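S.K.: Structure supplied as work_30.pdb; contents: PDB, C-alpha atoms.
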MODEL        1
ATOM      1  CA  MET A   1     -20.876  20.328 -31.506
ATOM      2  CA  ILE A   2     -20.918  16.589 -31.060
ATOM      3  CA  ARG A   3     -23.736  14.458 -29.672
ATOM      4  CA  LYS A   4     -22.276  11.920 -27.277
ATOM      5  CA  GLN A   5     -23.839   8.970 -25.516
ATOM      6  CA  ILE A   6     -23.166   8.989 -21.766
ATOM      7  CA  GLU A   7     -23.694   6.020 -19.458
ATOM      8  CA  VAL A   8     -24.186   6.393 -15.700
ATOM      9  CA  LYS A   9     -23.834   3.548 -13.225
ATOM     10  CA  THR A  10     -24.448   3.573  -9.506
ATOM     11  CA  LEU A  11     -24.538   0.845  -6.909
ATOM     12  CA  GLY A  12     -27.918  -0.831  -6.546
ATOM     13  CA  LYS A  13     -29.448   0.765  -9.649
ATOM     14  CA  ASP A  14     -29.674  -0.196 -13.296
ATOM     15  CA  PRO A  15     -27.359   1.815 -15.583
ATOM     16  CA  VAL A  16     -28.860   4.827 -17.390
ATOM     17  CA  THR A  17     -27.761   5.939 -20.860
ATOM     18  CA  PHE A  18     -28.568   9.317 -22.401
ATOM     19  CA  GLU A  19     -27.262  11.580 -25.156
ATOM     20  CA  TYR A  20     -25.824  15.036 -24.552
ATOM     21  CA  ASN A  21     -24.422  17.829 -26.721
ATOM     22  CA  LEU A  22     -20.713  18.448 -26.132
ATOM     23  CA  SER A  23     -18.491  21.115 -27.599
ATOM     24  CA  GLU A  24     -15.634  20.163 -29.874
ATOM     25  CA  LYS A  25     -13.458  23.216 -29.105
ATOM     26  CA  LEU A  26     -12.970  25.570 -26.171
ATOM     27  CA  THR A  27     -14.496  28.511 -28.029
ATOM     28  CA  GLU A  28     -17.588  26.434 -28.745
ATOM     29  CA  ALA A  29     -17.809  25.407 -25.054
ATOM     30  CA  ILE A  30     -17.711  29.081 -24.032
ATOM     31  CA  GLU A  31     -20.464  29.898 -26.550
ATOM     32  CA  MET A  32     -22.603  26.951 -25.365
ATOM     33  CA  TYR A  33     -22.115  27.221 -21.586
ATOM     34  CA  GLY A  34     -20.647  30.669 -20.856
ATOM     35  CA  ASP A  35     -17.206  31.851 -19.692
ATOM     36  CA  ASP A  36     -17.870  31.401 -15.978
ATOM     37  CA  ASN A  37     -19.259  27.858 -16.292
ATOM     38  CA  VAL A  38     -16.410  26.683 -18.506
ATOM     39  CA  HIS A  39     -13.823  28.186 -16.165
ATOM     40  CA  GLU A  40     -15.513  26.701 -13.082
ATOM     41  CA  MET A  41     -15.611  23.245 -14.703
ATOM     42  CA  PHE A  42     -11.939  23.597 -15.683
ATOM     43  CA  LEU A  43     -10.974  24.528 -12.116
ATOM     44  CA  ARG A  44     -12.844  21.539 -10.653
ATOM     45  CA  ALA A  45     -11.111  19.146 -13.049
ATOM     46  CA  LEU A  46      -7.741  20.810 -12.397
ATOM     47  CA  VAL A  47      -8.062  20.446  -8.610
ATOM     48  CA  ILE A  48      -9.007  16.760  -8.948
ATOM     49  CA  ALA A  49      -6.020  16.085 -11.239
ATOM     50  CA  ALA A  50      -3.646  17.982  -8.902
ATOM     51  CA  GLN A  51      -4.953  16.017  -5.899
ATOM     52  CA  ALA A  52      -4.398  12.723  -7.758
ATOM     53  CA  ASN A  53      -0.788  13.682  -8.502
ATOM     54  CA  ALA A  54      -0.165  14.777  -4.910
ATOM     55  CA  ARG A  55      -1.632  11.478  -3.627
ATOM     56  CA  LYS A  56       0.754   9.585  -5.905
ATOM     57  CA  LEU A  57       3.679  11.532  -4.448
ATOM     58  CA  MET A  58       2.420  10.977  -0.897
ATOM     59  CA  SER A  59       2.149   7.223  -1.486
ATOM     60  CA  ALA A  60       5.801   7.286  -2.594
ATOM     61  CA  ASN A  61       6.637   8.835   0.827
ATOM     62  CA  ILE A  62       7.740  12.128  -0.659
ATOM     63  CA  LEU A  63       7.831  14.903   1.925
ATOM     64  CA  PRO A  64       5.409  17.866   1.759
ATOM     65  CA  ASP A  65       8.114  20.404   0.816
ATOM     66  CA  LYS A  66       9.220  18.228  -2.105
ATOM     67  CA  ILE A  67       5.576  17.726  -3.168
ATOM     68  CA  GLN A  68       5.132  21.511  -3.195
ATOM     69  CA  GLU A  69       8.263  21.881  -5.325
ATOM     70  CA  MET A  70       7.143  19.225  -7.820
ATOM     71  CA  MET A  71       3.601  20.591  -8.060
ATOM     72  CA  GLU A  72       4.958  24.100  -8.865
ATOM     73  CA  THR A  73       6.089  22.821 -12.277
ATOM     74  CA  TRP A  74       3.228  20.383 -12.924
ATOM     75  CA  LYS A  75       0.894  21.067 -15.848
ATOM     76  CA  PRO A  76      -2.538  19.461 -16.456
ATOM     77  CA  GLY A  77      -2.297  16.367 -18.611
ATOM     78  CA  ILE A  78       1.308  15.682 -17.595
ATOM     79  CA  LYS A  79       1.925  12.718 -15.296
ATOM     80  CA  ILE A  80       4.379  13.247 -12.476
ATOM     81  CA  ARG A  81       7.066  10.601 -12.367
ATOM     82  CA  THR A  82       8.315   9.718  -8.905
ATOM     83  CA  GLY A  83      11.046   7.368 -10.025
ATOM     84  CA  VAL A  84       9.751   5.052  -7.321
ATOM     85  CA  SER A  85       7.250   2.276  -7.693
ATOM     86  CA  THR A  86       4.893   2.346  -4.724
ATOM     87  CA  LYS A  87       5.086  -1.450  -4.759
ATOM     88  CA  ASN A  88       8.889  -1.528  -4.416
ATOM     89  CA  ILE A  89       9.684   1.063  -1.757
ATOM     90  CA  ASP A  90      12.843   0.317   0.211
ATOM     91  CA  PRO A  91      11.935   1.347   3.776
ATOM     92  CA  VAL A  92      15.558   1.681   4.860
ATOM     93  CA  LYS A  93      16.333   4.001   1.934
ATOM     94  CA  MET A  94      13.162   5.997   2.647
ATOM     95  CA  ILE A  95      14.283   6.523   6.267
ATOM     96  CA  GLU A  96      17.855   7.370   5.196
ATOM     97  CA  ASP A  97      16.628   9.892   2.615
ATOM     98  CA  ASN A  98      14.102  11.612   4.875
ATOM     99  CA  PHE A  99      15.328  11.262   8.471
ATOM    100  CA  ASP A 100      17.160  14.612   8.634
ATOM    101  CA  GLU A 101      14.090  16.455   7.367
ATOM    102  CA  TRP A 102      11.771  14.996  10.042
ATOM    103  CA  SER A 103      10.977  16.820  13.264
ATOM    104  CA  PRO A 104      12.853  15.634  16.381
ATOM    105  CA  GLU A 105       9.569  14.154  17.651
ATOM    106  CA  ARG A 106       9.111  12.108  14.484
ATOM    107  CA  GLN A 107      12.748  10.996  14.571
ATOM    108  CA  GLU A 108      12.300   9.821  18.178
ATOM    109  CA  ALA A 109       9.042   8.025  17.309
ATOM    110  CA  MET A 110      10.785   6.208  14.435
ATOM    111  CA  LEU A 111      13.699   5.245  16.689
ATOM    112  CA  ARG A 112      11.285   3.892  19.335
ATOM    113  CA  LEU A 113       9.380   1.910  16.693
ATOM    114  CA  ILE A 114      12.554   0.394  15.257
ATOM    115  CA  GLN A 115      13.888  -0.426  18.734
ATOM    116  CA  GLU A 116      10.589  -2.057  19.726
ATOM    117  CA  ARG A 117      10.465  -4.148  16.546
ATOM    118  CA  PHE A 118      14.133  -5.074  16.961
ATOM    119  CA  ASN A 119      13.570  -6.212  20.548
ATOM    120  CA  ASN A 120      10.481  -8.247  19.576
ATOM    121  CA  ARG A 121      11.881  -9.897  16.470
ATOM    122  CA  MET A 122      11.709 -13.665  16.280
ATOM    123  CA  ILE A 123      15.042 -15.410  16.340
ATOM    124  CA  ILE A 124      14.817 -18.733  14.529
ATOM    125  CA  PRO A 125      16.962 -21.397  16.199
ATOM    126  CA  ALA A 126      19.417 -23.286  14.018
ATOM    127  CA  ALA A 127      17.444 -26.527  14.499
ATOM    128  CA  ALA A 128      14.430 -24.891  12.868
ATOM    129  CA  THR A 129      16.294 -24.434   9.606
ATOM    130  CA  GLU A 130      16.921 -28.167   9.235
ATOM    131  CA  THR A 131      15.111 -29.890   6.400
ATOM    132  CA  VAL A 132      12.565 -32.547   7.225
ATOM    133  CA  GLU A 133      12.266 -35.260   4.577
ATOM    134  CA  THR A 134       8.693 -35.531   3.264
ATOM    135  CA  ASN A 135       9.349 -37.693   0.179
ATOM    136  CA  GLY A 136       7.826 -35.080  -2.126
ATOM    137  CA  GLU A 137       4.569 -34.975  -0.158
ATOM    138  CA  GLU A 138       3.049 -32.043   1.679
ATOM    139  CA  PRO A 139       4.559 -31.799   5.176
ATOM    140  CA  THR A 140       2.358 -33.180   7.905
ATOM    141  CA  ALA A 141       1.463 -31.315  11.084
ATOM    142  CA  GLU A 142       4.128 -33.435  12.750
ATOM    143  CA  ASP A 143       6.755 -32.333  10.203
ATOM    144  CA  ILE A 144       5.808 -28.684  10.663
ATOM    145  CA  ALA A 145       5.977 -29.095  14.442
ATOM    146  CA  ALA A 146       9.471 -30.559  14.112
ATOM    147  CA  ILE A 147      10.602 -27.614  11.997
ATOM    148  CA  THR A 148       9.110 -24.974  14.302
ATOM    149  CA  GLU A 149      10.038 -26.652  17.583
ATOM    150  CA  GLY A 150      11.516 -24.155  20.008
ATOM    151  CA  MET A 151      10.328 -21.088  18.078
ATOM    152  CA  ASN A 152       7.678 -20.132  20.647
ATOM    153  CA  GLY A 153       9.811 -19.228  23.607
ATOM    154  CA  GLY A 154      12.153 -22.204  23.291
ATOM    155  CA  GLU A 155       9.668 -24.637  24.856
ATOM    156  CA  SER A 156       9.972 -28.269  23.924
ATOM    157  CA  THR A 157       8.641 -31.608  25.081
ATOM    158  CA  THR A 158      10.710 -34.548  26.164
ATOM    159  CA  GLY A 159       8.495 -37.415  25.073
ATOM    160  CA  ASP A 160       7.223 -38.832  21.824
ATOM    161  CA  GLU A 161       3.566 -38.242  22.624
ATOM    162  CA  THR A 162       1.495 -36.526  19.930
ATOM    163  CA  THR A 163      -1.452 -35.804  22.227
ATOM    164  CA  ASP A 164      -1.846 -34.134  25.591
ATOM    165  CA  GLU A 165      -2.957 -36.886  27.936
ATOM    166  CA  SER A 166      -5.180 -34.580  30.024
ATOM    167  CA  THR A 167      -7.154 -33.128  27.093
ATOM    168  CA  GLY A 168      -6.564 -35.560  24.250
ATOM    169  CA  GLU A 169      -5.514 -32.638  21.999
ATOM    170  CA  TYR A 170      -2.685 -32.742  19.473
ATOM    171  CA  ASN A 171       0.670 -31.508  20.802
ATOM    172  CA  PRO A 172       2.347 -29.460  18.031
ATOM    173  CA  ARG A 173       5.673 -29.431  19.884
ATOM    174  CA  ARG A 174       6.411 -33.137  19.508
ATOM    175  CA  ARG A 175      10.089 -33.916  19.220
ATOM    176  CA  ARG A 176      11.298 -35.409  15.962
ATOM    177  CA  HIS A 177      13.873 -38.230  16.342
TER     178      HIS A 177
ENDMDL
END
Any chance you could put this one into structure tokens?

M.R.:
Amino acid sequence: MIRKQIEVKTLGKDPVTFEYNLSEKLTEAIEMYGDDNVHEMFLRALVIAAQANARKLMSANILPDKIQEMMETWKPGIKIRTGVSTKNIDPVKMIEDNFDEWSPERQEAMLRLIQERFNNRMIIPAAATETVETNGEEPTAEDIAAITEGMNGGESTTGDETTDESTGEYNPRRRRH
């Protein structure tokens, strides 16, 4: 048996520290706490670990059937490797790899989503890619307006005014000459 110091923290309360007797081996744990308690505690910890691994697989967009297959061979204490970083998922590859396994309804929903995004994408006019000289300084609102001119529906102004005469407000669509 080993006496271990345990610290408990919870939001809005001061931490509490206490000592508790812990077993050093499984046989000692069974003697101290009983077969049923040790098994119940093991099962709780096992379910939590299995859920954590399944969540990792889900976040990597692995399909439920594949998760089932991978979890069949998983053992406690062994990390499941997805081969995919959740930070670097290629959405096109994910769709290519999984599309045939999706239901027809999900395939149609994905097609509608892609079509909608495709139809609503912003096309940047060639003039907007031109460089505005700022002499190493931060671009002004006027410089930014010159770069983005025509991006919001192709509207543009014909004069050199920087303010709207009726309201006195800045006009971000001023033409750059």

S.K.: In Å to one decimal, how far is CA of Ala60 (chain A) from CA of Thr82 (chain A)?

M.R.: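 Going from CA of Thr82 (chain A) over to CA of Ala60 (chain A), I get 7.2 Å.
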
S.K.: Using only C-alpha atoms, which protein or nucleic acid residues come within 9 Å of Leu22 (chain A)? Drop anything in the same chain fewer than 2 positions from it, and give the result as a ChimeraX atom specification.

M.R.: /A:1-4,20,24,28-29,32

S.K.: I want to know what sits within 12 Å of Glu72 (chain A), based on only C-alpha atoms, with residues of the same chain fewer than 4 positions away left out; could you give that as a PDB file with C-alpha atoms, in the frame of the given file?

M.R.:
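This went into out-v9.pdb:
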ATOM      1  CA  ALA A  50      -3.646  17.982  -8.902  1.00  0.00           C
ATOM      2  CA  ASN A  53      -0.788  13.682  -8.502  1.00  0.00           C
ATOM      3  CA  ALA A  54      -0.165  14.777  -4.910  1.00  0.00           C
ATOM      4  CA  ASP A  65       8.114  20.404   0.816  1.00  0.00           C
ATOM      5  CA  LYS A  66       9.220  18.228  -2.105  1.00  0.00           C
ATOM      6  CA  ILE A  67       5.576  17.726  -3.168  1.00  0.00           C
ATOM      7  CA  GLN A  68       5.132  21.511  -3.195  1.00  0.00           C
ATOM      8  CA  PRO A  76      -2.538  19.461 -16.456  1.00  0.00           C
ATOM      9  CA  ILE A  80       4.379  13.247 -12.476  1.00  0.00           C
TER      10      ILE A  80
END

S.K.: CA of Ala45 (chain A) and CA of Gly77 (chain A), how far apart in Å?

M.R.: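 So the two atoms, CA of Gly77 (chain A) and CA of Ala45 (chain A), lie 10.8 Å apart.
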
S.K.: Hey, what's within 8 Å of region 6-8 of chain A if we count only C-alpha atoms and toss same-chain stuff fewer than 2 positions away? As an mmCIF file with C-alpha atoms, keeping the file's coordinate frame, please?

M.R.:
data_model
loop_
_atom_site.group_PDB
_atom_site.id
_atom_site.type_symbol
_atom_site.label_atom_id
_atom_site.label_comp_id
_atom_site.auth_asym_id
_atom_site.auth_seq_id
_atom_site.Cartn_x
_atom_site.Cartn_y
_atom_site.Cartn_z
ATOM 1 C CA LYS A 4 -22.276 11.920 -27.277
ATOM 2 C CA THR A 10 -24.448 3.573 -9.506
ATOM 3 C CA PRO A 15 -27.359 1.815 -15.583
ATOM 4 C CA VAL A 16 -28.860 4.827 -17.390
ATOM 5 C CA THR A 17 -27.761 5.939 -20.860
ATOM 6 C CA PHE A 18 -28.568 9.317 -22.401
ATOM 7 C CA GLU A 19 -27.262 11.580 -25.156
ATOM 8 C CA TYR A 20 -25.824 15.036 -24.552
#

S.K.: Between CA of Asn98 (chain A) and CA of Arg121 (chain A), what is the distance, to one decimal in Å?

M.R.: 24.5 Å

S.K.: Of the candidates A:Val92, A:Met41, A:Ile48, A:Leu57, which shows the shortest atom-to-atom distance to Glu69 (chain A), using only C-alpha atoms?

M.R.: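 Smallest separation from Glu69 (chain A) among the options: A:Leu57.
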
S.K.: In terms of the shortest atom-to-atom distance over only C-alpha atoms, which of A:Ala52, A:Met94, A:Ala109, A:Lys9 is closest to Ile78 (chain A)?

M.R.: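 Closest residue, counting only C-alpha atoms: A:Ala52.
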